[in-house]
file data-v4.txt (compact mmCIF, C-alpha atoms)
# COMPACT_ATOMS: atom_id res chain seq x y z
CA MET A 169 67.04 211.52 111.69
CA HIS A 170 65.81 208.21 113.14
CA TRP A 171 62.26 208.08 114.52
CA ILE A 172 61.73 209.96 117.78
CA ASP A 173 58.70 210.67 119.90
CA PHE A 174 58.10 214.20 121.12
CA THR A 175 56.36 215.27 124.28
CA SER A 176 55.86 218.66 125.81
CA PRO A 177 55.06 218.33 129.52
CA HIS A 178 53.79 221.27 131.57
CA SER A 179 55.46 220.50 134.88
CA VAL A 180 58.87 219.48 136.19
CA ARG A 181 57.30 216.50 137.98
CA GLU A 182 55.81 215.20 134.72
CA ALA A 183 59.13 215.68 132.88
CA VAL A 184 61.07 213.85 135.61
CA GLU A 185 58.65 210.90 135.41
CA LEU A 186 59.07 210.73 131.63
CA LEU A 187 62.86 210.89 131.92
CA ASN A 188 62.93 208.29 134.67
CA ASP A 189 60.70 205.89 132.74
CA ALA A 190 62.83 206.36 129.61
CA ASN A 191 65.96 205.34 131.57
CA GLY A 192 68.51 207.13 129.40
CA SER A 193 66.68 206.94 126.07
CA ALA A 194 65.21 210.46 126.42
CA ARG A 195 66.75 213.91 126.11
CA VAL A 196 65.42 217.26 127.29
CA LEU A 197 65.01 219.84 124.52
CA ALA A 198 65.64 223.51 125.24
CA GLY A 199 66.77 225.55 122.21
CA GLY A 200 67.78 222.46 120.25
CA THR A 201 70.84 224.08 118.71
CA ASP A 202 73.04 221.22 119.94
CA LEU A 203 70.51 218.43 120.49
CA LEU A 204 68.93 218.44 117.02
CA VAL A 205 72.36 218.48 115.36
CA GLN A 206 73.43 215.55 117.54
CA LEU A 207 70.26 213.55 116.87
CA ARG A 208 70.66 214.15 113.14
CA GLY A 209 74.34 213.27 113.24
CA GLY A 210 73.68 209.90 114.83
CA ARG A 211 75.39 210.67 118.13
CA PHE A 212 72.27 209.69 120.12
CA ASP A 213 70.98 206.68 118.19
CA ASP A 214 69.72 205.24 121.48
CA VAL A 215 67.53 208.28 122.11
CA ASN A 216 63.89 207.81 121.07
CA LEU A 217 62.09 210.46 123.13
CA VAL A 218 62.54 214.23 123.12
CA VAL A 219 61.06 215.99 126.15
CA ASP A 220 60.47 219.66 125.37
CA GLY A 221 61.21 221.95 128.31
CA LYS A 222 59.70 225.08 126.84
CA ASN A 223 56.22 224.60 128.27
CA ILE A 224 57.47 224.12 131.83
CA PRO A 225 57.23 227.48 133.63
CA GLU A 226 60.28 227.02 135.90
CA LEU A 227 62.54 226.37 132.91
CA ASN A 228 61.52 229.60 131.18
CA GLU A 229 61.57 232.17 133.96
CA ILE A 230 64.10 234.84 134.80
CA THR A 231 63.72 236.06 138.37
CA TYR A 232 66.00 238.71 139.79
CA ASP A 233 66.00 240.59 143.01
CA PRO A 234 68.95 242.72 144.13
CA GLU A 235 69.03 240.97 147.53
CA GLY A 236 68.34 237.36 146.60
CA GLY A 237 70.12 237.24 143.25
CA LEU A 238 69.21 235.76 139.88
CA THR A 239 67.54 232.52 138.91
CA LEU A 240 67.71 231.68 135.24
CA GLY A 241 65.39 228.95 133.89
CA ALA A 242 67.35 226.24 132.09
CA ALA A 243 65.59 226.88 128.74
CA VAL A 244 65.82 230.70 128.71
CA PRO A 245 67.43 231.67 125.39
CA CYS A 246 70.46 233.98 125.13
CA TYR A 247 68.55 236.95 123.72
CA ARG A 248 66.35 237.12 126.82
CA ILE A 249 69.49 237.23 128.96
CA TYR A 250 71.18 240.13 127.17
CA GLY A 251 67.82 241.82 126.66
CA ASN A 252 67.32 242.06 130.42
CA ALA A 253 68.56 245.40 131.78
CA ALA A 254 68.84 244.22 135.41
CA ILE A 255 71.00 241.25 134.44
CA SER A 256 73.26 243.24 132.16
CA ARG A 257 74.16 245.60 135.00
CA ALA A 258 74.54 243.02 137.76
CA TYR A 259 75.94 240.04 135.81
CA PRO A 260 78.17 241.41 133.03
CA GLY A 261 80.02 238.12 132.49
CA LEU A 262 76.75 236.43 131.54
CA ILE A 263 76.02 239.15 128.99
CA ASP A 264 79.46 238.70 127.41
CA SER A 265 78.73 234.99 126.89
CA ALA A 266 75.11 235.36 125.77
CA SER A 267 76.16 237.91 123.14
CA LEU A 268 78.89 235.81 121.52
CA ILE A 269 77.35 232.33 121.41
CA GLY A 270 76.51 231.54 117.76
CA GLY A 271 74.84 234.31 115.77
CA THR A 272 71.51 236.14 116.02
CA GLN A 273 69.45 233.09 115.03
CA ILE A 274 71.23 230.76 117.46
CA GLN A 275 70.89 233.32 120.26
CA GLY A 276 67.15 233.29 119.61
CA ARG A 277 67.04 229.64 120.74
CA ALA A 278 70.19 228.52 122.58
CA SER A 279 70.09 228.50 126.38
CA PHE A 280 72.69 228.48 129.16
CA GLY A 281 70.97 225.43 130.64
CA GLY A 282 71.37 223.57 127.36
CA ASN A 283 74.99 224.69 127.08
CA LEU A 284 75.67 223.36 130.58
CA CYS A 285 73.89 220.03 130.00
CA ASN A 286 75.69 219.58 126.68
CA SER A 287 78.82 219.75 128.86
CA THR A 288 81.43 220.46 126.21
CA PRO A 289 84.72 221.86 127.51
CA SER A 290 84.33 224.78 125.07
CA GLY A 291 80.82 225.82 126.19
CA ASP A 292 81.06 229.64 126.28
CA SER A 293 78.49 230.20 129.01
CA ILE A 294 80.02 227.84 131.55
CA PRO A 295 83.19 229.74 132.63
CA ALA A 296 81.09 232.91 132.93
CA MET A 297 78.58 231.10 135.13
CA ILE A 298 81.41 229.70 137.28
CA ALA A 299 82.91 233.19 137.61
CA HIS A 300 79.50 234.35 138.84
CA SER A 301 79.39 231.52 141.46
CA ALA A 302 76.45 229.79 139.80
CA VAL A 303 74.61 226.81 141.24
CA ALA A 304 72.70 224.26 139.14
CA ASN A 305 69.24 223.41 140.50
CA ILE A 306 68.47 219.78 139.64
CA GLU A 307 65.19 217.92 140.07
CA GLY A 308 64.93 214.15 140.01
CA PRO A 309 62.86 211.19 141.18
CA ASP A 310 64.31 211.57 144.69
CA GLY A 311 63.68 215.31 144.93
CA HIS A 312 65.98 218.22 144.30
CA ARG A 313 69.66 218.87 144.75
CA HIS A 314 72.04 221.74 144.07
CA VAL A 315 75.44 221.39 142.41
CA ALA A 316 77.98 224.18 141.94
CA VAL A 317 78.37 224.74 138.20
CA GLU A 318 82.14 224.04 138.41
CA ASP A 319 81.26 220.52 139.65
CA PHE A 320 78.50 219.84 137.08
CA CYS A 321 80.50 218.59 134.09
CA THR A 322 82.41 215.34 134.57
CA GLY A 323 84.01 214.89 131.14
CA PRO A 324 83.49 215.88 127.50
CA GLY A 325 79.72 215.58 127.00
CA SER A 326 79.05 214.04 130.41
CA ASN A 327 77.76 215.50 133.66
CA VAL A 328 76.37 214.69 137.09
CA LEU A 329 72.75 214.22 135.97
CA GLY A 330 71.57 210.74 136.92
CA ARG A 331 68.57 208.68 135.84
CA GLY A 332 65.42 210.80 135.72
CA GLU A 333 67.22 214.00 136.68
CA MET A 334 66.91 217.30 134.85
CA LEU A 335 68.40 220.76 135.17
CA VAL A 336 65.58 223.13 136.11
CA SER A 337 67.40 226.42 136.62
CA ILE A 338 70.67 228.07 137.51
CA SER A 339 70.98 230.43 140.49
CA PHE A 340 73.47 233.25 140.92
CA PRO A 341 74.11 235.12 144.16
CA ALA A 342 73.47 238.87 144.21
CA PRO A 343 76.73 240.66 143.40
CA THR A 344 78.14 242.81 146.18
CA SER A 345 79.47 246.33 145.64
CA GLY A 346 82.92 246.32 144.05
CA PHE A 347 82.02 243.28 141.93
CA GLY A 348 83.00 242.96 138.29
CA ALA A 349 83.09 240.08 135.83
CA ASN A 350 83.90 239.23 132.22
CA TYR A 351 84.04 236.38 129.73
CA MET A 352 86.23 236.39 126.65
CA ARG A 353 87.34 233.74 124.22
CA PHE A 354 89.83 233.51 121.42
CA ILE A 355 88.63 232.46 117.95
CA PRO A 356 90.46 233.09 114.67
CA ARG A 357 87.52 235.07 113.25
CA ASN A 358 85.14 237.66 114.66
CA GLU A 359 82.10 235.50 115.41
CA MET A 360 80.36 232.14 114.84
CA ASP A 361 83.18 229.88 116.00
CA ILE A 362 84.08 227.53 118.83
CA ALA A 363 86.53 228.80 121.43
CA VAL A 364 90.19 227.85 120.98
CA ALA A 365 90.37 228.91 124.64
CA GLY A 366 88.21 231.11 126.86
CA ALA A 367 88.39 232.76 130.27
CA GLY A 368 85.59 233.75 132.63
CA THR A 369 86.67 235.89 135.55
CA SER A 370 85.21 237.89 138.40
CA VAL A 371 86.65 240.03 141.17
CA VAL A 372 85.45 241.84 144.26
CA LEU A 373 87.54 244.95 144.88
CA ASP A 374 88.11 246.89 148.07
CA GLY A 375 89.61 250.11 146.77
CA ASP A 376 92.60 248.96 144.72
CA THR A 377 92.88 245.62 146.50
CA ILE A 378 91.41 242.36 145.25
CA LYS A 379 89.22 240.98 148.04
CA SER A 380 88.35 237.83 146.10
CA ALA A 381 88.50 236.51 142.54
CA ARG A 382 87.26 233.55 140.52
CA VAL A 383 88.77 232.32 137.25
CA ALA A 384 87.45 229.54 135.00
CA LEU A 385 88.77 228.44 131.61
CA ALA A 386 87.11 227.03 128.48
CA ALA A 387 88.41 224.47 125.97
CA VAL A 388 91.66 223.65 127.78
CA ALA A 389 90.68 220.58 129.85
CA PRO A 390 88.19 217.67 129.63
CA THR A 391 85.64 219.93 131.36
CA PRO A 392 85.26 223.68 131.84
CA LEU A 393 88.04 224.29 134.36
CA TYR A 394 87.60 226.27 137.58
CA VAL A 395 91.05 227.29 138.83
CA SER A 396 90.28 228.03 142.47
CA ALA A 397 94.01 228.40 143.25
CA ILE A 398 94.09 231.70 141.34
CA GLY A 399 91.48 233.26 143.61
CA ASP A 400 93.34 231.98 146.67
CA ALA A 401 96.66 233.38 145.41
CA ILE A 402 95.55 236.86 144.38
CA ALA A 403 93.08 237.64 147.18
CA GLY A 404 94.52 240.48 149.26
CA LYS A 405 96.87 241.63 146.50
CA PRO A 406 96.74 244.94 144.63
CA ALA A 407 94.81 245.01 141.35
CA ASN A 408 97.88 245.68 139.19
CA ASP A 409 99.85 244.14 136.33
CA ASP A 410 102.08 242.03 138.62
CA THR A 411 99.04 240.39 140.19
CA LEU A 412 97.45 239.78 136.80
CA ALA A 413 100.71 238.29 135.50
CA GLU A 414 100.71 235.87 138.45
CA ALA A 415 97.08 234.91 137.69
CA GLY A 416 97.87 234.44 133.99
CA GLN A 417 100.83 232.20 134.75
CA MET A 418 98.73 230.09 137.12
CA ALA A 419 96.01 229.70 134.45
CA LYS A 420 98.65 228.59 131.96
CA ASP A 421 99.98 226.04 134.45
CA ALA A 422 96.52 224.72 135.36
CA ALA A 423 95.38 224.16 131.76
CA THR A 424 95.70 220.64 130.33
CA PRO A 425 94.59 221.17 126.73
CA ILE A 426 94.90 218.84 123.77
CA THR A 427 96.23 219.59 120.31
CA ASP A 428 93.48 219.52 117.69
CA MET A 429 92.40 221.39 114.55
CA ARG A 430 91.67 224.51 116.62
CA GLY A 431 95.07 224.86 118.25
CA THR A 432 98.06 223.18 119.80
CA ILE A 433 98.76 222.56 123.48
CA GLU A 434 101.39 225.33 123.56
CA TYR A 435 99.11 227.80 121.80
CA ARG A 436 96.18 227.11 124.09
CA LYS A 437 98.30 227.37 127.25
CA HIS A 438 99.66 230.69 126.03
CA LEU A 439 96.08 231.85 125.37
CA CYS A 440 95.12 230.95 128.95
CA ASP A 441 97.75 233.38 130.23
CA VAL A 442 96.74 236.19 127.88
CA LEU A 443 92.97 235.73 128.21
CA THR A 444 93.10 235.45 132.01
CA ARG A 445 95.05 238.71 132.31
CA ARG A 446 92.86 240.58 129.84
CA SER A 447 89.61 239.23 131.24
CA LEU A 448 90.61 240.05 134.83
CA GLN A 449 91.53 243.58 133.73
CA ILE A 450 88.04 244.07 132.30
CA ALA A 451 86.47 242.57 135.45
CA ILE A 452 88.56 245.00 137.53
CA ASP A 453 87.55 247.98 135.39
CA ARG A 454 83.89 246.97 135.71
CA ALA A 455 84.29 246.50 139.47
CA LYS A 456 85.65 250.04 139.77
CA GLU A 457 82.59 251.38 137.93
CA ASN A 458 80.46 249.38 140.33
CA ALA A 459 82.23 250.49 143.54
CA MET B 110 55.74 203.66 116.25
CA PRO B 111 53.22 206.47 116.80
CA GLY B 112 51.88 208.56 113.96
CA LYS B 113 52.16 212.15 112.97
CA THR B 114 51.30 215.14 115.14
CA TYR B 115 48.72 217.76 114.22
CA VAL B 116 50.32 221.22 114.41
CA GLN B 117 48.48 224.55 114.24
CA THR B 118 50.40 227.68 113.33
CA ARG B 119 50.05 231.04 111.60
CA ILE B 120 52.36 231.38 108.63
CA ASN B 121 52.69 234.71 106.79
CA GLY B 122 49.51 235.92 108.48
CA GLU B 123 47.34 232.94 107.52
CA PRO B 124 46.29 230.02 109.74
CA VAL B 125 48.16 226.91 108.58
CA ASP B 126 47.65 223.42 110.02
CA PHE B 127 49.86 220.52 109.08
CA LEU B 128 50.83 217.00 110.08
CA ALA B 129 54.44 216.53 111.17
CA GLU B 130 56.53 213.58 112.15
CA PRO B 131 58.21 214.56 115.45
CA ARG B 132 61.63 214.14 113.84
CA GLN B 133 60.90 216.57 110.99
CA SER B 134 62.44 220.02 111.26
CA LEU B 135 60.32 223.10 110.76
CA LEU B 136 62.31 223.59 107.54
CA GLU B 137 61.28 220.14 106.25
CA CYS B 138 57.66 220.86 107.22
CA LEU B 139 57.70 224.22 105.43
CA ARG B 140 59.26 222.83 102.27
CA ASP B 141 58.00 219.26 101.99
CA VAL B 142 54.66 219.31 103.84
CA ILE B 143 53.34 222.85 103.36
CA GLY B 144 55.01 223.55 100.02
CA LEU B 145 56.75 226.79 100.96
CA THR B 146 60.09 226.16 99.27
CA GLY B 147 61.51 229.68 99.58
CA SER B 148 63.42 228.78 102.77
CA LYS B 149 66.51 226.87 101.69
CA GLU B 150 68.43 223.98 103.19
CA GLY B 151 72.15 224.74 103.15
CA CYS B 152 74.00 223.08 106.01
CA ASN B 153 71.08 221.65 108.04
CA ASP B 154 73.01 222.33 111.27
CA GLY B 155 72.41 226.00 112.05
CA ASN B 156 75.57 227.48 110.57
CA CYS B 157 74.54 228.89 107.20
CA GLY B 158 71.24 230.68 107.90
CA ALA B 159 69.69 229.88 104.48
CA CYS B 160 66.62 228.49 106.28
CA THR B 161 66.09 231.61 108.45
CA VAL B 162 62.47 232.37 109.32
CA GLU B 163 60.95 234.64 111.93
CA MET B 164 59.17 232.75 114.70
CA ASP B 165 57.23 234.67 117.35
CA GLY B 166 59.22 237.82 116.61
CA ARG B 167 62.73 236.25 116.65
CA ILE B 168 64.70 234.98 113.70
CA VAL B 169 65.68 231.32 113.99
CA THR B 170 67.28 228.74 111.75
CA SER B 171 64.26 226.58 110.89
CA CYS B 172 66.50 223.51 110.48
CA LEU B 173 67.09 223.65 114.26
CA VAL B 174 63.41 223.83 115.20
CA LEU B 175 61.20 220.75 115.16
CA GLY B 176 57.98 221.19 113.22
CA VAL B 177 56.05 220.00 116.28
CA GLU B 178 57.66 222.80 118.34
CA ALA B 179 55.94 225.34 116.10
CA GLU B 180 52.53 224.56 117.65
CA GLY B 181 50.78 227.87 118.34
CA SER B 182 53.53 230.02 116.88
CA ASP B 183 53.47 232.85 114.40
CA ILE B 184 55.95 232.37 111.54
CA THR B 185 57.10 234.64 108.73
CA THR B 186 59.00 233.08 105.84
CA ILE B 187 60.52 234.69 102.74
CA GLU B 188 57.14 234.17 101.01
CA GLY B 189 55.57 236.61 103.48
CA ILE B 190 58.02 239.49 102.98
CA ALA B 191 56.66 241.09 99.78
CA GLU B 192 53.23 242.74 99.80
CA GLY B 193 51.45 241.10 96.91
CA SER B 194 53.43 241.94 93.77
CA GLU B 195 55.17 244.84 95.53
CA LEU B 196 58.68 243.89 96.68
CA HIS B 197 59.70 244.81 100.20
CA PRO B 198 62.36 247.60 100.28
CA VAL B 199 64.89 245.02 101.49
CA GLN B 200 64.20 242.85 98.45
CA GLN B 201 64.35 245.86 96.10
CA ALA B 202 67.66 246.98 97.62
CA PHE B 203 69.17 243.48 97.29
CA LEU B 204 68.18 243.43 93.60
CA GLU B 205 69.45 246.90 92.78
CA ASN B 206 72.72 246.47 94.67
CA ALA B 207 73.36 243.06 93.07
CA ALA B 208 73.59 241.57 96.57
CA LEU B 209 73.08 238.07 95.26
CA GLN B 210 74.69 235.80 92.73
CA CYS B 211 73.59 232.17 93.01
CA GLY B 212 70.72 233.17 95.29
CA ILE B 213 70.60 230.20 97.68
CA CYS B 214 71.47 232.32 100.72
CA THR B 215 69.24 235.24 99.69
CA PRO B 216 65.91 234.24 101.33
CA GLY B 217 67.70 233.83 104.67
CA PHE B 218 69.56 237.13 104.29
CA ILE B 219 66.35 238.98 103.44
CA VAL B 220 64.37 237.57 106.36
CA ALA B 221 67.28 238.31 108.72
CA THR B 222 67.79 241.82 107.30
CA LYS B 223 64.11 242.70 107.62
CA ALA B 224 64.23 241.59 111.27
CA LEU B 225 67.35 243.72 111.84
CA LEU B 226 65.76 246.84 110.36
CA ASP B 227 62.49 246.26 112.24
CA HIS B 228 64.51 246.19 115.44
CA ASN B 229 67.23 248.73 114.56
CA PRO B 230 66.25 251.05 111.67
CA ASP B 231 69.68 252.70 111.36
CA PRO B 232 72.35 250.07 112.05
CA THR B 233 76.08 250.71 111.74
CA GLU B 234 78.12 248.53 109.39
CA HIS B 235 79.48 246.74 112.48
CA GLU B 236 75.94 246.02 113.71
CA ILE B 237 74.89 244.79 110.25
CA ARG B 238 77.84 242.41 110.01
CA PHE B 239 77.31 240.98 113.50
CA TRP B 240 73.55 240.63 113.10
CA LEU B 241 74.06 238.77 109.80
CA ALA B 242 76.96 236.63 111.07
CA ASN B 243 74.67 233.59 111.15
CA ASN B 244 74.05 233.94 107.38
CA LEU B 245 76.74 232.66 105.03
CA CYS B 246 77.19 233.73 101.40
CA ARG B 247 79.87 232.06 99.29
CA CYS B 248 79.43 234.31 96.23
CA THR B 249 79.30 238.01 97.01
CA GLY B 250 82.02 238.52 99.58
CA TYR B 251 79.37 240.29 101.71
CA ASP B 252 80.22 243.88 100.73
CA LYS B 253 77.32 244.14 98.31
CA ILE B 254 75.01 242.63 100.92
CA VAL B 255 76.11 245.17 103.52
CA ARG B 256 75.59 247.99 101.00
CA ALA B 257 72.13 246.62 100.17
CA VAL B 258 71.21 246.56 103.86
CA GLN B 259 72.40 250.16 104.25
CA ASP B 260 70.42 251.15 101.15
CA ALA B 261 67.30 249.35 102.44
CA ALA B 262 67.68 251.13 105.78
CA SER B 263 67.76 254.56 104.13
CA ARG B 264 64.84 253.70 101.83
CA MET B 265 62.76 252.57 104.80
CA GLN B 266 63.70 255.63 106.84
CA GLU B 267 62.79 257.94 103.96
CA ALA B 268 59.49 256.13 103.49
CA SER B 269 58.60 256.51 107.16
CA ALA B 270 59.85 260.13 107.41
call {"tool": "encode", "arguments": {"input": "data-v4.txt", "output": "structure tokens"}}
result
Amino acid sequence: MHWIDFTSPHSVREAVELLNDANGSARVLAGGTDLLVQLRGGRFDDVNLVVDGKNIPELNEITYDPEGGLTLGAAVPCYRIYGNAAISRAYPGLIDSASLIGGTQIQGRASFGGNLCNSTPSGDSIPAMIAHSAVANIEGPDGHRHVAVEDFCTGPGSNVLGRGEMLVSISFPAPTSGFGANYMRFIPRNEMDIAVAGAGTSVVLDGDTIKSARVALAAVAPTPLYVSAIGDAIAGKPANDDTLAEAGQMAKDAATPITDMRGTIEYRKHLCDVLTRRSLQIAIDRAKENA
Amino acid sequence: MPGKTYVQTRINGEPVDFLAEPRQSLLECLRDVIGLTGSKEGCNDGNCGACTVEMDGRIVTSCLVLGVEAEGSDITTIEGIAEGSELHPVQQAFLENAALQCGICTPGFIVATKALLDHNPDPTEHEIRFWLANNLCRCTGYDKIVRAVQDAASRMQEASA
């Protein structure tokens, strides 16, 4: 790895100043499971300062209250997410993602905030966060702003963060009764792989009727893809196979994947249909348990 | 270009201070600075798990931790698993079940297995395979490793019964 400087600030304000002064030549370090690989691989040869986020309290806190919802610090590692009983009951889609990213060692370090800032289309936490209506809390030289997670990524590896800005935390609204969510991906093995395609879904049920739904897809577009049209189309419809088939078809139509070593366009579009139906079914089953 | 950073840690129960370049991984610091060469470099990108160490109670791939990030942390490496000349039950079970051939992956498997059994003394085969998914072995085909983990679990349960 080329020479880098390392600094470990204790406040968001200090980190923002460092990032702003570095003007693009600094990166924030959370778990490092992407960043260190990228630095070593020469992807960020212009980066000469690593700003550690793990000594900044706001980046490492999980706060949950059943009324106000969940705020997840940007550097909180996966194991703290699935190890938290309150989250696992209220935010099941997040648990699905946290439990399947990498293996045990990676889950000891990797964070949802890092996954979001890395902004790959295949990031497994991002569709789950979108399904849970997550909002990114950003701090910068001009103060703070909030961006819906579905609007955060702007292309493969790029996002809305501007000069001096950093992701501090991600907020999730408190789920209402009748809420259920899920994330699933397809990989050709059982674990430790990058999604060929993935689907994060959530529903709010009123009896057997879908009151609202959110569907987001992984690895089938230049960014994680929120398909808001699916929620619009299936709201008010019964939670049955016909409705799920309609949702699956819409996911397949919305996806714009590429052919690469992980799968072809046709294969990935087919997966969008299957994964959307299966994931919605799990979200519906969980919503019924939660009614 | 600034110099090296002074890092204070506890490694295998002993205070260890070292000087690290900010770009050096914890693995490089362990092997090349401190001289603990039991942790192995396989892939150097977090896939193979040969460099697994326990850091503040969680197993991590030490190739994906910067040495300077280890400031103030408590680390257990493969060198800290045995008690003096007495092998840990996990090590004994790996030996007796022939759960290693070339041996490069073994330190990582043993550190990861010990962490599994500390956290879940009676894991199912499914739990063993998922917990160890971040550790690759290109020799054994894994079955002998899984059997060794099951054997270690029963030895440790008998010892604590």
call {"tool": "closest_residue", "arguments": {"input": "data-v4.txt", "among": "A:Asn223, A:Ser345, A:Ser337, A:Thr427", "to": "Ala183 (chain A)", "atoms": "all atoms listed in the file"}}
result
A:Asn223
call {"tool": "residues_around", "arguments": {"input": "data-v4.txt", "residues": "region 144-155 of chain B", "least_positions_apart": "3", "cutoff": "8 Å", "atoms": "all atoms listed in the file", "output": "mmCIF file with C-alpha atoms, in the frame of the given file"}}
result
data_model
loop_
_atom_site.group_PDB
_atom_site.id
_atom_site.type_symbol
_atom_site.label_atom_id
_atom_site.label_comp_id
_atom_site.auth_asym_id
_atom_site.auth_seq_id
_atom_site.Cartn_x
_atom_site.Cartn_y
_atom_site.Cartn_z
ATOM 1 C CA THR A 201 70.840 224.080 118.710
ATOM 2 C CA VAL A 205 72.360 218.480 115.360
ATOM 3 C CA ILE A 274 71.230 230.760 117.460
ATOM 4 C CA LEU B 136 62.310 223.590 107.540
ATOM 5 C CA LEU B 139 57.700 224.220 105.430
ATOM 6 C CA ARG B 140 59.260 222.830 102.270
ATOM 7 C CA ASP B 141 58.000 219.260 101.990
ATOM 8 C CA GLY B 158 71.240 230.680 107.900
ATOM 9 C CA ALA B 159 69.690 229.880 104.480
ATOM 10 C CA CYS B 160 66.620 228.490 106.280
ATOM 11 C CA THR B 161 66.090 231.610 108.450
ATOM 12 C CA VAL B 162 62.470 232.370 109.320
ATOM 13 C CA THR B 170 67.280 228.740 111.750
ATOM 14 C CA CYS B 172 66.500 223.510 110.480
ATOM 15 C CA LEU B 173 67.090 223.650 114.260
ATOM 16 C CA THR B 186 59.000 233.080 105.840
ATOM 17 C CA ILE B 187 60.520 234.690 102.740
ATOM 18 C CA GLU B 188 57.140 234.170 101.010
ATOM 19 C CA ILE B 213 70.600 230.200 97.680
ATOM 20 C CA CYS B 214 71.470 232.320 100.720
ATOM 21 C CA PRO B 216 65.910 234.240 101.330
ATOM 22 C CA GLY B 217 67.700 233.830 104.670
ATOM 23 C CA ASN B 243 74.670 233.590 111.150
#
call {"tool": "closest_residue", "arguments": {"input": "data-v4.txt", "among": "A:Leu204, A:Asp214, A:Arg248, A:Ile224", "to": "Ser176 (chain A)", "atoms": "only C-alpha atoms"}}
result
A:Ile224
call {"tool": "interface_residues", "arguments": {"input": "data-v4.txt", "of": "chain A", "to": "chain B", "cutoff": "12 Å", "atoms": "all atoms listed in the file", "output": "ChimeraX atom specification"}}
result
/A:169-176,197-209,215-223,245-248,267-278,357-362
call {"tool": "write_last_selection", "arguments": {"input": "data-v4.txt", "atoms": "C-alpha atoms", "output": "compact mmCIF listing (two decimals), in the coordinates of the input"}}
result
# COMPACT_ATOMS: atom_id res chain seq x y z
CA MET A 169 67.04 211.52 111.69
CA HIS A 170 65.81 208.21 113.14
CA TRP A 171 62.26 208.08 114.52
CA ILE A 172 61.73 209.96 117.78
CA ASP A 173 58.70 210.67 119.90
CA PHE A 174 58.10 214.20 121.12
CA THR A 175 56.36 215.27 124.28
CA SER A 176 55.86 218.66 125.81
CA LEU A 197 65.01 219.84 124.52
CA ALA A 198 65.64 223.51 125.24
CA GLY A 199 66.77 225.55 122.21
CA GLY A 200 67.78 222.46 120.25
CA THR A 201 70.84 224.08 118.71
CA ASP A 202 73.04 221.22 119.94
CA LEU A 203 70.51 218.43 120.49
CA LEU A 204 68.93 218.44 117.02
CA VAL A 205 72.36 218.48 115.36
CA GLN A 206 73.43 215.55 117.54
CA LEU A 207 70.26 213.55 116.87
CA ARG A 208 70.66 214.15 113.14
CA GLY A 209 74.34 213.27 113.24
CA VAL A 215 67.53 208.28 122.11
CA ASN A 216 63.89 207.81 121.07
CA LEU A 217 62.09 210.46 123.13
CA VAL A 218 62.54 214.23 123.12
CA VAL A 219 61.06 215.99 126.15
CA ASP A 220 60.47 219.66 125.37
CA GLY A 221 61.21 221.95 128.31
CA LYS A 222 59.70 225.08 126.84
CA ASN A 223 56.22 224.60 128.27
CA PRO A 245 67.43 231.67 125.39
CA CYS A 246 70.46 233.98 125.13
CA TYR A 247 68.55 236.95 123.72
CA ARG A 248 66.35 237.12 126.82
CA SER A 267 76.16 237.91 123.14
CA LEU A 268 78.89 235.81 121.52
CA ILE A 269 77.35 232.33 121.41
CA GLY A 270 76.51 231.54 117.76
CA GLY A 271 74.84 234.31 115.77
CA THR A 272 71.51 236.14 116.02
CA GLN A 273 69.45 233.09 115.03
CA ILE A 274 71.23 230.76 117.46
CA GLN A 275 70.89 233.32 120.26
CA GLY A 276 67.15 233.29 119.61
CA ARG A 277 67.04 229.64 120.74
CA ALA A 278 70.19 228.52 122.58
CA ARG A 357 87.52 235.07 113.25
CA ASN A 358 85.14 237.66 114.66
CA GLU A 359 82.10 235.50 115.41
CA MET A 360 80.36 232.14 114.84
CA ASP A 361 83.18 229.88 116.00
CA ILE A 362 84.08 227.53 118.83
call {"tool": "closest_residue", "arguments": {"input": "data-v4.txt", "among": "B:Thr185, B:Thr118, B:Asn206, B:Thr249", "to": "Ala224 (chain B)", "atoms": "all atoms listed in the file"}}
result
B:Thr185
call {"tool": "residues_around", "arguments": {"input": "data-v4.txt", "residues": "region 385-402 of chain A", "least_positions_apart": "3", "cutoff": "7 Å", "atoms": "all atoms listed in the file", "output": "PyMOL selection string"}}
result
chain A and resi 288-292+294-295+318+321-324+363-368+378+380-382+405+411+415+418+422-425+436
call {"tool": "atom_distance", "arguments": {"input": "data-v4.txt", "atom1": "CA of Ala419 (chain A)", "atom2": "CA of Ala342 (chain A)"}}
result
26.2 Å
call {"tool": "atom_distance", "arguments": {"input": "data-v4.txt", "atom1": "CA of Ser193 (chain A)", "atom2": "CA of Ser339 (chain A)"}}
result
27.9 Å
call {"tool": "atom_distance", "arguments": {"input": "data-v4.txt", "atom1": "CA of Asn252 (chain A)", "atom2": "CA of Asp319 (chain A)"}}
result
27.3 Å
call {"tool": "residues_around", "arguments": {"input": "data-v4.txt", "residues": "Leu373 (chain A)", "least_positions_apart": "3", "cutoff": "12 Å", "atoms": "all atoms listed in the file", "output": "ChimeraX atom specification"}}
result
/A:343-349,370,376-381,402-408,448-449,451-459
call {"tool": "residues_near_point", "arguments": {"input": "data-v4.txt", "point": "(101.3, 232.1, 133.5)", "cutoff": "10 Å", "atoms": "all atoms listed in the file", "output": "PyMOL selection string"}}
result
chain A and resi 412-422+437-442+444-445
call {"tool": "closest_residue", "arguments": {"input": "data-v4.txt", "among": "B:Gly189, B:Cys138, B:Gln210, B:Lys253", "to": "Asn121 (chain B)", "atoms": "only C-alpha atoms"}}
result
B:Gly189
call {"tool": "residues_near_point", "arguments": {"input": "data-v4.txt", "point": "(77.8, 226.9, 141.2)", "cutoff": "9 Å", "atoms": "only C-alpha atoms", "output": "ChimeraX atom specification"}}
result
/A:297-304,314-320,338-340
